[in-house]
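This is structure23.txt (compact mmCIF, C-alpha atoms).
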```txt
# COMPACT_ATOMS: atom_id res chain seq x y z
CA MET A 60 -0.35 -19.91 12.84
CA LYS A 61 -2.10 -18.98 9.62
CA ASN A 62 -0.20 -16.89 7.09
CA LEU A 63 -2.02 -13.76 5.93
CA THR A 64 -0.50 -11.92 2.96
CA TYR A 65 -1.40 -8.29 2.14
CA PHE A 66 -1.00 -7.72 -1.59
CA ILE A 67 -0.13 -4.80 -2.16
CA VAL A 68 0.21 -2.47 0.87
CA GLY A 69 -0.05 1.22 -0.05
CA GLY A 70 0.90 4.25 1.97
CA HIS A 71 -2.56 4.89 3.42
CA GLY A 72 -5.10 2.20 2.46
CA GLY A 73 -3.16 -0.62 4.09
CA GLN A 74 -3.52 1.06 7.46
CA ALA A 75 -7.10 -0.22 7.63
CA PHE A 76 -5.44 -3.51 8.68
CA VAL A 77 -3.14 -2.16 11.38
CA ASN A 78 -5.10 -3.63 14.32
CA LEU A 79 -5.13 -6.98 12.54
CA TRP A 80 -1.35 -6.75 11.98
CA LEU A 81 -0.88 -6.48 15.73
CA ASN A 82 -3.00 -9.61 16.25
CA ASP A 83 -0.47 -12.27 17.24
CA LYS A 84 -2.78 -15.15 16.23
CA PHE A 85 -1.49 -14.79 12.66
CA ASN A 86 1.70 -14.31 10.69
CA HIS A 87 1.33 -11.14 8.60
CA ASN A 88 3.22 -10.73 5.32
CA LEU A 89 3.12 -7.17 3.99
CA VAL A 90 4.10 -6.81 0.31
CA PHE A 91 5.15 -3.32 -0.84
CA ASN A 92 5.31 -1.84 -4.31
CA VAL A 93 8.46 -0.61 -6.08
CA VAL A 94 6.98 1.93 -8.53
CA ASP A 95 6.39 4.92 -6.21
CA TRP A 96 8.19 7.85 -7.84
CA GLY A 97 6.38 10.86 -6.42
CA GLY A 98 7.10 13.11 -3.44
CA HIS A 99 10.19 12.59 -1.32
CA SER A 100 10.53 8.90 -2.30
CA GLY A 101 10.86 10.00 -5.91
CA LEU A 102 13.31 12.73 -4.98
CA MET A 103 15.52 10.23 -3.14
CA GLY A 104 15.41 7.82 -6.04
CA ARG A 105 16.39 10.49 -8.54
CA ILE A 106 19.34 11.87 -6.59
CA LEU A 107 20.64 8.36 -5.83
CA LEU A 108 20.34 6.99 -9.39
CA ASP A 109 24.09 6.82 -10.04
CA GLU A 110 25.21 6.11 -6.48
CA HIS A 111 25.70 2.35 -7.10
CA PHE A 112 23.03 1.75 -4.49
CA ASN A 113 19.91 -0.28 -5.22
CA TYR A 114 17.32 2.16 -3.86
CA LEU A 115 13.68 1.09 -3.51
CA PRO A 116 10.82 3.53 -2.79
CA ILE A 117 10.39 3.53 0.97
CA GLY A 118 7.52 5.97 1.61
CA ASP A 119 4.71 3.40 1.85
CA LEU A 120 6.68 1.31 4.35
CA ARG A 121 7.47 4.43 6.39
CA ASN A 122 3.80 5.44 6.60
CA ASN A 123 2.75 2.01 7.83
CA LEU A 124 5.69 1.59 10.20
CA ALA A 125 4.82 4.95 11.76
CA ILE A 126 1.27 3.93 12.64
CA ILE A 127 2.43 0.53 13.90
CA SER A 128 4.87 2.40 16.15
CA ARG A 129 2.08 4.64 17.43
CA LEU A 130 -0.01 1.70 18.57
CA ARG A 131 2.94 -0.18 20.07
CA PHE A 132 4.93 2.56 21.79
CA ASN A 133 2.98 5.80 22.32
CA SER A 134 1.28 4.55 25.48
CA ASN A 135 4.78 4.20 26.97
CA GLY A 136 5.65 7.79 26.08
CA ILE A 137 7.84 6.78 23.12
CA ASN A 138 6.68 8.88 20.19
CA LEU A 139 8.64 7.28 17.38
CA GLU A 140 5.76 7.90 14.95
CA ASN A 141 6.29 11.67 14.89
CA LEU A 142 10.01 11.31 14.15
CA LEU A 143 9.40 8.84 11.31
CA GLN A 144 6.87 11.24 9.78
CA GLU A 145 8.78 14.46 10.47
CA GLN A 146 9.88 16.66 7.57
CA VAL A 147 12.68 19.21 7.77
CA SER A 148 13.77 21.94 5.38
CA ASN A 149 17.34 22.29 6.60
CA LEU A 150 19.84 19.59 5.59
CA ASP A 151 21.78 20.20 8.81
CA GLU A 152 18.80 18.97 10.86
CA ILE A 153 18.86 15.45 9.39
CA ASP A 154 21.58 13.99 11.64
CA LEU A 155 20.03 15.65 14.71
CA LYS A 156 16.74 13.88 13.99
CA ILE A 157 18.52 10.59 13.30
CA ASN A 158 20.16 10.95 16.73
CA GLU A 159 16.71 11.37 18.28
CA ILE A 160 15.60 8.14 16.61
CA PHE A 161 18.66 6.36 18.01
CA ALA A 162 17.74 7.60 21.49
CA LEU A 163 14.22 6.17 21.19
CA LEU A 164 15.56 2.88 19.80
CA SER A 165 17.86 2.63 22.82
CA GLU A 166 14.86 3.07 25.08
CA ILE A 167 12.86 0.44 23.20
CA ASN A 168 15.74 -2.05 23.19
CA ASP A 169 17.25 -1.50 26.67
CA GLU A 170 20.25 0.40 25.29
CA LYS A 171 21.18 -2.36 22.81
CA ILE A 172 21.20 -1.28 19.14
CA ASN A 173 22.94 -3.49 16.61
CA LEU A 174 23.53 -1.01 13.79
CA ASP A 175 26.59 0.16 11.90
CA ILE A 176 26.23 3.77 13.00
CA SER A 177 29.16 4.97 10.87
CA LYS A 178 27.44 3.67 7.72
CA ILE A 179 24.18 5.34 8.73
CA TYR A 180 25.95 8.69 8.86
CA LYS A 181 27.89 7.90 5.70
CA PHE A 182 24.55 7.58 3.93
CA THR A 183 23.14 10.82 5.35
CA ASP A 184 26.32 12.55 4.15
CA ILE A 185 25.83 11.05 0.66
CA TYR A 186 22.22 12.22 0.69
CA ARG A 187 23.19 15.81 1.58
CA LYS A 188 25.90 15.99 -1.09
CA ARG A 189 23.64 14.51 -3.77
CA TYR A 190 20.80 16.83 -2.86
CA LYS A 191 23.00 19.92 -3.12
CA ARG A 192 24.18 18.88 -6.60
CA ALA A 193 20.71 17.86 -7.84
CA ASP A 194 18.76 19.77 -10.47
CA ASN A 195 16.36 22.20 -8.79
CA ARG A 196 13.50 20.92 -10.95
CA ILE A 197 13.29 17.63 -9.01
CA LYS A 198 13.17 19.40 -5.64
CA TYR A 199 9.62 20.66 -6.11
CA LYS A 200 6.14 19.20 -6.36
CA PHE A 201 2.78 20.66 -7.31
CA ASP A 202 0.28 20.80 -4.46
CA GLU A 203 -3.19 22.13 -5.32
CA GLY A 204 -1.73 23.94 -8.31
CA LYS A 205 1.13 25.53 -6.37
CA ARG A 206 4.83 24.74 -6.77
CA VAL A 207 6.06 23.64 -3.34
CA LYS A 208 9.60 22.68 -2.38
CA LEU A 209 9.87 19.12 -1.07
CA LYS A 210 11.06 18.72 2.48
CA HIS A 211 13.36 15.96 3.74
CA LYS A 212 11.37 13.11 5.31
CA ILE A 213 13.36 11.76 8.23
CA GLY A 214 11.73 8.30 8.17
CA ASN A 215 12.57 7.79 4.49
CA ILE A 216 16.19 8.79 5.05
CA PHE A 217 16.53 6.69 8.21
CA LEU A 218 15.05 3.49 6.72
CA THR A 219 17.09 3.88 3.54
CA ALA A 220 20.22 4.46 5.62
CA ILE A 221 19.55 1.18 7.47
CA ALA A 222 19.25 -0.67 4.15
CA TYR A 223 22.47 0.99 2.94
CA SER A 224 24.28 0.03 6.15
CA ILE A 225 23.30 -3.62 5.67
CA ASP A 226 24.26 -4.02 2.00
CA SER A 227 24.33 -1.50 -0.85
CA ASP A 228 22.96 -4.10 -3.29
CA ASN A 229 20.55 -6.19 -1.20
CA GLY A 230 19.87 -4.02 1.83
CA PHE A 231 16.16 -3.63 1.15
CA LYS A 232 15.79 -7.40 0.74
CA LEU A 233 17.40 -7.86 4.17
CA LEU A 234 15.60 -4.92 5.80
CA ASN A 235 12.85 -7.04 7.38
CA ASP A 236 15.20 -8.97 9.66
CA LYS A 237 16.93 -5.78 10.81
CA LEU A 238 13.62 -4.03 11.60
CA GLN A 239 12.54 -7.02 13.69
CA GLU A 240 15.92 -7.13 15.42
CA LEU A 241 15.53 -3.43 16.29
CA ASN A 242 12.01 -4.16 17.61
CA LEU A 243 10.51 -1.80 15.02
CA LEU A 244 8.45 -4.75 13.79
CA PRO A 245 7.02 -7.63 15.86
CA ASN A 246 8.35 -11.03 14.82
CA ASN A 247 4.99 -12.01 13.29
CA ILE A 248 4.98 -9.05 10.85
CA ASN A 249 7.19 -9.55 7.82
CA ILE A 250 7.79 -7.08 5.01
CA SER A 251 8.71 -7.85 1.41
CA PHE A 252 9.10 -5.76 -1.72
CA ILE A 253 7.35 -7.10 -4.80
CA GLU A 254 10.65 -6.83 -6.71
CA ASP A 255 14.32 -6.46 -5.84
CA LYS A 256 14.73 -3.33 -7.95
CA ARG A 257 12.67 -0.32 -8.92
CA TYR A 258 10.19 -0.52 -11.79
CA ILE A 259 8.15 2.22 -13.40
CA GLN A 260 4.48 2.23 -14.24
CA LYS A 261 2.94 3.41 -17.49
CA VAL A 262 -0.61 3.77 -18.73
CA VAL A 263 -0.76 2.59 -22.33
CA LYS A 264 -3.89 2.81 -24.45
CA THR A 265 -4.65 1.75 -28.02
CA ARG A 266 -5.82 4.68 -30.10
CA PHE A 267 -6.49 4.49 -33.85
CA GLY A 268 -4.62 1.18 -33.90
CA GLN A 269 -1.52 2.68 -32.26
CA LEU A 270 -0.24 2.33 -28.70
CA GLU A 271 -0.27 5.67 -26.91
CA THR A 272 1.32 6.38 -23.54
CA LEU A 273 -1.11 8.42 -21.42
CA ALA A 274 1.14 8.68 -18.36
CA ASP A 275 4.72 7.65 -17.69
CA GLY A 276 5.61 7.13 -14.04
CA GLU A 277 3.58 6.74 -10.86
CA ASP A 278 3.77 10.46 -10.11
CA MET A 279 2.28 11.31 -13.52
CA ILE A 280 -0.41 8.62 -13.17
CA ASP A 281 -1.55 10.26 -9.92
CA GLU A 282 -2.36 13.38 -11.93
CA LEU A 283 -4.77 11.63 -14.32
CA GLN A 284 -8.37 12.83 -14.07
CA ILE A 285 -10.05 10.37 -16.47
CA PRO A 286 -11.15 6.77 -15.75
CA ILE A 287 -8.51 4.24 -16.81
CA ASP A 288 -9.00 0.55 -17.61
CA LEU A 289 -6.92 -1.36 -15.06
CA GLU A 290 -5.50 -3.54 -17.83
CA SER A 291 -3.94 -0.41 -19.37
CA PHE A 292 -1.34 -0.24 -16.61
CA SER A 293 2.06 -1.67 -17.52
CA ILE A 294 5.02 -2.43 -15.26
CA ILE A 295 8.18 -1.39 -17.10
CA ASP A 296 11.83 -2.20 -16.46
CA PRO A 297 13.54 1.23 -16.58
CA LEU A 298 16.78 -0.31 -17.89
CA THR A 299 15.21 -2.01 -20.92
CA ASN A 300 12.01 0.08 -21.24
CA LEU A 301 10.20 -3.25 -21.73
CA PRO A 302 7.38 -4.81 -19.68
CA ILE A 303 8.35 -7.01 -16.75
CA VAL A 304 8.75 -10.66 -17.76
CA SER A 305 10.06 -12.75 -14.86
CA LYS A 306 8.23 -13.32 -11.60
CA ASN A 307 9.97 -12.92 -8.28
CA SER A 308 10.44 -16.47 -6.96
CA ASP A 309 10.26 -15.24 -3.36
CA ILE A 310 6.84 -13.69 -4.01
CA VAL A 311 5.63 -16.84 -5.77
CA LYS A 312 6.66 -18.86 -2.73
CA LEU A 313 5.05 -16.35 -0.38
CA ILE A 314 1.72 -16.63 -2.21
CA GLU A 315 1.92 -20.43 -2.26
CA ASN A 316 2.46 -20.52 1.51
CA SER A 317 -0.37 -18.08 2.27
CA ASP A 318 -3.60 -19.24 3.87
CA LEU A 319 -5.37 -16.02 2.94
CA ILE A 320 -4.58 -13.12 0.58
CA LEU A 321 -5.95 -9.69 1.48
CA ILE A 322 -6.07 -6.86 -1.07
CA PRO A 323 -6.08 -3.63 0.96
CA PRO A 324 -8.06 -0.52 0.11
CA GLY A 325 -6.14 2.23 -1.61
CA SER A 326 -5.12 3.04 -5.15
CA GLU A 327 -6.22 0.29 -7.56
CA SER A 328 -3.25 1.09 -9.80
CA ASN A 329 -1.02 0.16 -6.85
CA SER A 330 -2.28 -3.43 -6.67
CA TYR A 331 -3.98 -4.61 -9.83
CA PRO A 332 -1.05 -4.61 -12.31
CA TRP A 333 0.70 -7.01 -9.92
CA ILE A 334 -2.47 -9.03 -9.27
CA PHE A 335 -2.84 -9.64 -13.01
CA PHE A 336 0.89 -10.47 -13.29
CA TYR A 337 0.65 -13.08 -10.51
CA ALA A 338 -2.83 -14.27 -11.52
CA SER A 339 -1.85 -17.91 -12.04
CA GLU A 340 -0.62 -18.10 -8.44
CA LEU A 341 -3.40 -16.01 -6.90
CA LYS A 342 -6.34 -17.76 -8.55
CA THR A 343 -5.75 -20.85 -6.42
CA LYS A 344 -5.92 -18.90 -3.14
CA GLU A 345 -8.70 -17.60 -0.94
CA ILE A 346 -8.76 -13.82 -1.30
CA ILE A 347 -10.51 -10.92 0.43
CA ARG A 348 -10.64 -7.46 -1.11
CA ILE A 349 -11.47 -4.55 1.19
CA SER A 350 -12.86 -2.03 -1.27
CA ASN A 351 -12.47 1.72 -1.15
CA ILE A 352 -15.15 4.00 0.27
CA TRP A 353 -13.86 6.74 -2.02
CA VAL A 354 -12.25 6.14 -5.39
CA GLU A 355 -9.99 8.32 -7.50
CA SER A 356 -11.30 10.04 -10.59
CA LYS A 357 -9.25 7.60 -12.70
CA SER A 358 -11.19 4.65 -11.23
CA TYR A 359 -14.26 3.00 -12.76
CA GLY A 360 -15.18 1.35 -9.45
CA VAL A 361 -15.60 -2.04 -7.85
CA GLY A 362 -17.68 -3.54 -10.69
CA HIS A 363 -14.77 -2.94 -13.03
CA GLU A 364 -12.44 -4.78 -10.62
CA ILE A 365 -14.77 -7.80 -10.40
CA ALA A 366 -15.29 -7.92 -14.18
CA LEU A 367 -11.55 -8.00 -14.88
CA LEU A 368 -10.79 -10.49 -12.12
CA ASP A 369 -13.33 -12.85 -13.69
CA LYS A 370 -11.17 -12.87 -16.85
CA TYR A 371 -8.25 -14.11 -14.75
CA LYS A 372 -10.41 -16.64 -12.83
CA ILE A 373 -9.80 -14.81 -9.57
CA TYR A 374 -12.85 -14.59 -7.30
CA PRO A 375 -12.22 -12.67 -4.08
CA LYS A 376 -14.80 -12.00 -1.43
CA PHE A 377 -15.43 -8.28 -1.70
CA PHE A 378 -15.96 -6.43 1.55
CA ILE A 379 -17.55 -3.28 0.17
CA ALA A 380 -17.31 -0.32 2.49
CA LYS A 381 -20.44 1.71 3.01
CA ILE A 382 -20.71 5.23 4.42
CA ASP A 383 -23.29 5.84 7.11
CA GLU A 384 -25.35 8.69 5.66
CA LYS A 385 -27.40 9.16 8.83
CA ASP A 386 -24.90 11.67 10.18
CA LYS A 387 -25.52 14.23 7.44
CA LYS A 388 -22.99 16.72 8.78
CA LYS A 389 -20.09 14.26 8.68
CA TYR A 390 -21.31 12.83 5.38
CA LEU A 391 -21.41 16.21 3.63
CA LYS A 392 -18.06 17.19 5.15
CA ALA A 393 -16.52 14.01 3.74
CA LEU A 394 -18.06 14.66 0.32
CA GLY A 395 -16.55 18.12 0.29
CA ARG A 396 -13.13 17.00 1.47
CA TYR A 397 -12.72 14.16 -0.98
CA GLY A 398 -14.31 16.15 -3.78
CA LEU A 399 -11.41 18.59 -3.50
CA GLU A 400 -9.07 15.61 -4.01
CA ASN A 401 -11.01 14.63 -7.17
CA LYS A 402 -12.38 11.51 -5.48
CA LYS A 403 -15.90 10.18 -5.70
CA LEU A 404 -18.07 7.98 -3.51
CA GLN A 405 -17.98 4.32 -4.48
CA SER A 406 -21.37 2.77 -5.18
CA SER A 407 -22.30 -0.02 -2.78
CA ASN A 408 -25.56 -0.81 -4.56
CA ILE A 409 -25.60 -4.45 -5.68
CA GLU A 410 -27.52 -3.77 -8.90
CA ASP A 411 -25.13 -0.96 -9.85
CA ILE A 412 -22.18 -3.28 -9.32
CA LYS A 413 -23.77 -6.08 -11.39
CA ASN A 414 -24.45 -3.62 -14.22
CA GLN A 415 -20.81 -2.51 -14.13
CA ILE A 416 -19.64 -6.12 -14.30
CA THR A 417 -21.82 -6.85 -17.35
CA PHE A 418 -20.69 -3.65 -19.06
CA PHE A 419 -16.97 -4.32 -18.63
CA ASN A 420 -17.08 -8.08 -19.18
CA PRO A 421 -20.08 -9.09 -21.35
CA ASN A 422 -18.64 -12.61 -21.71
CA CYS A 423 -18.60 -13.43 -18.02
CA ASP A 424 -21.04 -16.01 -16.66
CA ILE A 425 -23.17 -13.54 -14.73
CA ASN A 426 -25.29 -16.32 -13.18
CA LYS A 427 -22.22 -18.01 -11.76
CA LEU A 428 -20.77 -14.67 -10.74
CA GLU A 429 -24.07 -13.58 -9.21
CA ASN A 430 -24.10 -16.71 -7.06
CA ASN A 431 -20.60 -15.82 -5.86
CA LEU A 432 -21.68 -12.25 -5.31
CA LYS A 433 -24.65 -13.29 -3.22
CA ILE A 434 -22.30 -15.06 -0.87
CA ASN A 435 -19.84 -12.20 -1.03
CA MET A 436 -22.48 -9.53 -0.61
CA ASP A 437 -23.71 -11.26 2.52
CA VAL A 438 -20.20 -10.87 3.82
CA LEU A 439 -19.98 -7.32 2.52
CA TYR A 440 -22.87 -6.10 4.59
CA PHE A 441 -22.60 -8.77 7.29
CA ASN A 442 -26.28 -9.60 6.93
CA GLY A 443 -25.81 -13.26 5.98
CA GLN A 444 -26.91 -15.47 8.86
CA SER A 445 -24.10 -18.01 8.46
CA ILE A 446 -21.58 -15.21 8.80
CA LYS A 447 -23.38 -13.04 11.30
CA ASN A 448 -23.76 -15.82 13.83
CA ARG A 449 -20.00 -16.28 13.91
CA LEU A 450 -19.17 -12.63 14.58
CA PRO A 451 -18.38 -11.34 18.07
CA ARG A 452 -21.23 -9.47 19.73
CA ASP A 453 -19.16 -6.31 20.14
CA VAL A 454 -19.05 -5.65 16.39
CA SER A 455 -21.64 -2.93 16.56
CA VAL A 456 -21.86 -1.57 13.01
CA LEU A 457 -23.14 -4.65 11.23
CA GLU A 458 -26.35 -3.12 9.95
CA GLN A 459 -24.60 0.07 8.85
CA GLY A 460 -22.33 -1.73 6.43
CA PHE A 461 -18.60 -2.41 6.42
CA ARG A 462 -16.58 0.73 7.06
CA HIS A 463 -12.83 1.04 7.43
CA ASP A 464 -12.92 0.57 11.16
CA ARG A 465 -9.61 -1.04 12.11
CA GLU A 466 -10.87 -2.96 15.09
CA GLN A 467 -13.90 -4.19 13.19
CA ILE A 468 -11.66 -5.55 10.43
CA ASN A 469 -9.52 -7.26 13.05
CA ASN A 470 -12.60 -8.78 14.75
CA VAL A 471 -14.17 -9.99 11.50
CA ILE A 472 -11.03 -11.53 9.95
CA SER A 473 -10.04 -13.07 13.28
CA THR A 474 -13.47 -14.60 13.77
CA LEU A 475 -13.73 -15.96 10.24
CA TYR A 476 -10.20 -17.34 9.90
CA SER A 477 -8.43 -17.95 13.20
CA ASN A 478 -10.08 -21.36 13.72
CA ASN A 479 -10.57 -22.45 10.09
```
Turn this file's structure into structure tokens for me.
Amino acid sequence: MKNLTYFIVGGHGGQAFVNLWLNDKFNHNLVFNVVDWGGHSGLMGRILLDEHFNYLPIGDLRNNLAIISRLRFNSNGINLENLLQEQVSNLDEIDLKINEIFALLSEINDEKINLDISKIYKFTDIYRKRYKRADNRIKYKFDEGKRVKLKHKIGNIFLTAIAYSIDSDNGFKLLNDKLQELNLLPNNINISFIEDKRYIQKVVKTRFGQLETLADGEDMIDELQIPIDLESFSIIDPLTNLPIVSKNSDIVKLIENSDLILIPPGSESNSYPWIFFYASELKTKEIIRISNIWVESKSYGVGHEIALLDKYKIYPKFFIAKIDEKDKKKYLKALGRYGLENKKLQSSNIEDIKNQITFFNPNCDINKLENNLKINMDVLYFNGQSIKNRLPRDVSVLEQGFRHDREQINNVISTLYSNN
């Protein structure tokens, strides 16, 4: 089977691929980030800092595992998704919810669960004690300008407890095998973390000849409201406060063994610092980028992505999502909703994108790039005859442009790559 690698899977954007992940014609390798420091993942990391436990941010994995569980188990009346996503305010409820997860796992696995239950509860006890002693300032977040107390996310605690029960130093590295053993992941879906320890992200900009830090930490970066050059993002080792130097040999090997790399939609700052870091490995691979329909206010847009990738000699096929404006009611509702989140509609106009590329990278060979774009744009809109003739007849939105329709993504990727 072909190896498809998803680089990097975020908490929400990666879910555009969930139907493809459940396609057993491929091996799926999901690579997760280690810089998430907002919300409950950040809270867990902060209260566990001196616990001699190598904690990695788990929220993105939890989000994706929840939706995989929905598609695999809900039709059988096993609603594991809700438990993984549930939040509780009372610390005393945590073990009760963990017990409910155990009950569902027993049902999924015919009563056989190979877990060190005592270590699971040892971790939940550690979590409760650490939370009680933690500074109140880390227990809150700002939501639409209001200070809101963070709740305890059961899925984050449960998955972290599994990693802890395996090995306090390498539990997250070994988590994939345990999740497959528990039937929480099919055997053809593999998860990896981009690094074996947590890193932090900074936005560093040169101003008046001096380096200036605009945002320190993923949670602070999320608050930025101005467009940021993707090359301004730095991955920093929190122990040395220096940029990352060494590549993860497991990730290098994973890329080398991949038949296709897919860059999911979602936050560009989630993926691109790592794409640039692993550019020498990625530039030899076939890559597809599913672009965002909506982009954050700190994003310049898809032309900026293409311009920078040209510098690194990386030339993905860009599947640019396009909103169907015919349904004006839904279109205006979406504009209003995402406008409140400080997001804007991504341009899917070819000339706009070419102008962005030229602006951000005047030295690129636009003729060569335009030739690549013509091929890619045919794929983007699925109007190119050589592509269209190979698509299944039941892909019904071809003329409307590529939207984040999970089954359409599955059909298109399967058709283009299963027999290559």
Practice problem: Name the closest residue to Ser330 of chain A among the candidates A:Asn422, A:Asn141, A:Asn92, A:Asn122; distances are taken between atoms, counting all atoms listed in the file. | Solution: A:Asn92
Quiz prompt | Residue with smallest distance to Val361 of chain A - pool A:Ile416, A:Met103, A:Gly325, A:Ser339, counting all atoms listed in the file | solution = A:Ile416
Practice problem: Check the smallest atom-to-atom distance from each of A:Ile352, A:Leu298, A:Ile153, A:Leu120 to Tyr258 of chain A using only C-alpha atoms, then report the winner. | Solution: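 Answer, going by the shortest atom-to-atom distance: A:Leu298.
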Quiz item: So which one's closest to Lys178 of chain A, A:Gln260, A:Thr343, A:Ser224, A:Asn351? Using all atoms listed in the file, please.
Solution: A:Ser224
Write out as a PDB file with C-alpha atoms, keeping the file's coordinate frame each polymer residue whose atoms come within 9 Å of segment 306-321 of chain A, counting all atoms listed in the file; drop sequence neighbours fewer than 6 positions from it.
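After the write, around_35.pdb holds the following:
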```
ATOM      1  CA  LYS A  61      -2.100 -18.980   9.620  1.00  0.00           C
ATOM      2  CA  ASN A  62      -0.200 -16.890   7.090  1.00  0.00           C
ATOM      3  CA  LEU A  63      -2.020 -13.760   5.930  1.00  0.00           C
ATOM      4  CA  THR A  64      -0.500 -11.920   2.960  1.00  0.00           C
ATOM      5  CA  TYR A  65      -1.400  -8.290   2.140  1.00  0.00           C
ATOM      6  CA  PHE A  66      -1.000  -7.720  -1.590  1.00  0.00           C
ATOM      7  CA  ILE A  67      -0.130  -4.800  -2.160  1.00  0.00           C
ATOM      8  CA  ASN A  88       3.220 -10.730   5.320  1.00  0.00           C
ATOM      9  CA  VAL A  90       4.100  -6.810   0.310  1.00  0.00           C
ATOM     10  CA  SER A 251       8.710  -7.850   1.410  1.00  0.00           C
ATOM     11  CA  PHE A 252       9.100  -5.760  -1.720  1.00  0.00           C
ATOM     12  CA  ILE A 253       7.350  -7.100  -4.800  1.00  0.00           C
ATOM     13  CA  GLU A 254      10.650  -6.830  -6.710  1.00  0.00           C
ATOM     14  CA  ASP A 255      14.320  -6.460  -5.840  1.00  0.00           C
ATOM     15  CA  PHE A 336       0.890 -10.470 -13.290  1.00  0.00           C
ATOM     16  CA  TYR A 337       0.650 -13.080 -10.510  1.00  0.00           C
ATOM     17  CA  GLU A 340      -0.620 -18.100  -8.440  1.00  0.00           C
ATOM     18  CA  LEU A 341      -3.400 -16.010  -6.900  1.00  0.00           C
ATOM     19  CA  THR A 343      -5.750 -20.850  -6.420  1.00  0.00           C
ATOM     20  CA  LYS A 344      -5.920 -18.900  -3.140  1.00  0.00           C
ATOM     21  CA  GLU A 345      -8.700 -17.600  -0.940  1.00  0.00           C
ATOM     22  CA  ILE A 346      -8.760 -13.820  -1.300  1.00  0.00           C
ATOM     23  CA  ILE A 347     -10.510 -10.920   0.430  1.00  0.00           C
ATOM     24  CA  ARG A 348     -10.640  -7.460  -1.110  1.00  0.00           C
ATOM     25  CA  ILE A 349     -11.470  -4.550   1.190  1.00  0.00           C
ATOM     26  CA  PRO A 375     -12.220 -12.670  -4.080  1.00  0.00           C
ATOM     27  CA  TYR A 476     -10.200 -17.340   9.900  1.00  0.00           C
TER      28      TYR A 476
END
```
Self-check item: Length of the atom CA of Ile172 of chain A to atom CA of Asn249 of chain A vector [Å]
Solution: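 Pair atom CA of Ile172 of chain A / atom CA of Asn249 of chain A returns 19.8 Å.
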Quiz item: Quick one: residues within 12 Å of Ser165 of chain A, all atoms listed in the file counted, chain neighbours fewer than 3 positions away excluded, as a PyMOL selection string?
Solution: chain A and resi 137+139+158-162+168-174+241-243
Quiz prompt | Point-to-point distance from atom CA of Ser477 of chain A to atom CA of Ile126 of chain A, Å rounded to tenths | solution =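 Separation between atom CA of Ser477 of chain A and atom CA of Ile126 of chain A: 23.9 Å.
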Quiz item: If you measure from atom CA of Lys191 of chain A to atom CA of Pro116 of chain A, what distance in Å do you get, rounded to one decimal?
Solution: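 Pair atom CA of Lys191 of chain A / atom CA of Pro116 of chain A returns 20.4 Å.
Among the candidates A:Leu150, A:Leu404, A:Val68, A:Ile248, the residue lying nearest to Lys84 of chain A is A:Ile248 (atoms considered: all atoms listed in the file).
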Quiz item: Which is closer to Gln284 of chain A than all the others in A:Ser356, A:Asn135, A:Gln146, A:Asn195, using only C-alpha atoms?
Solution: A:Ser356
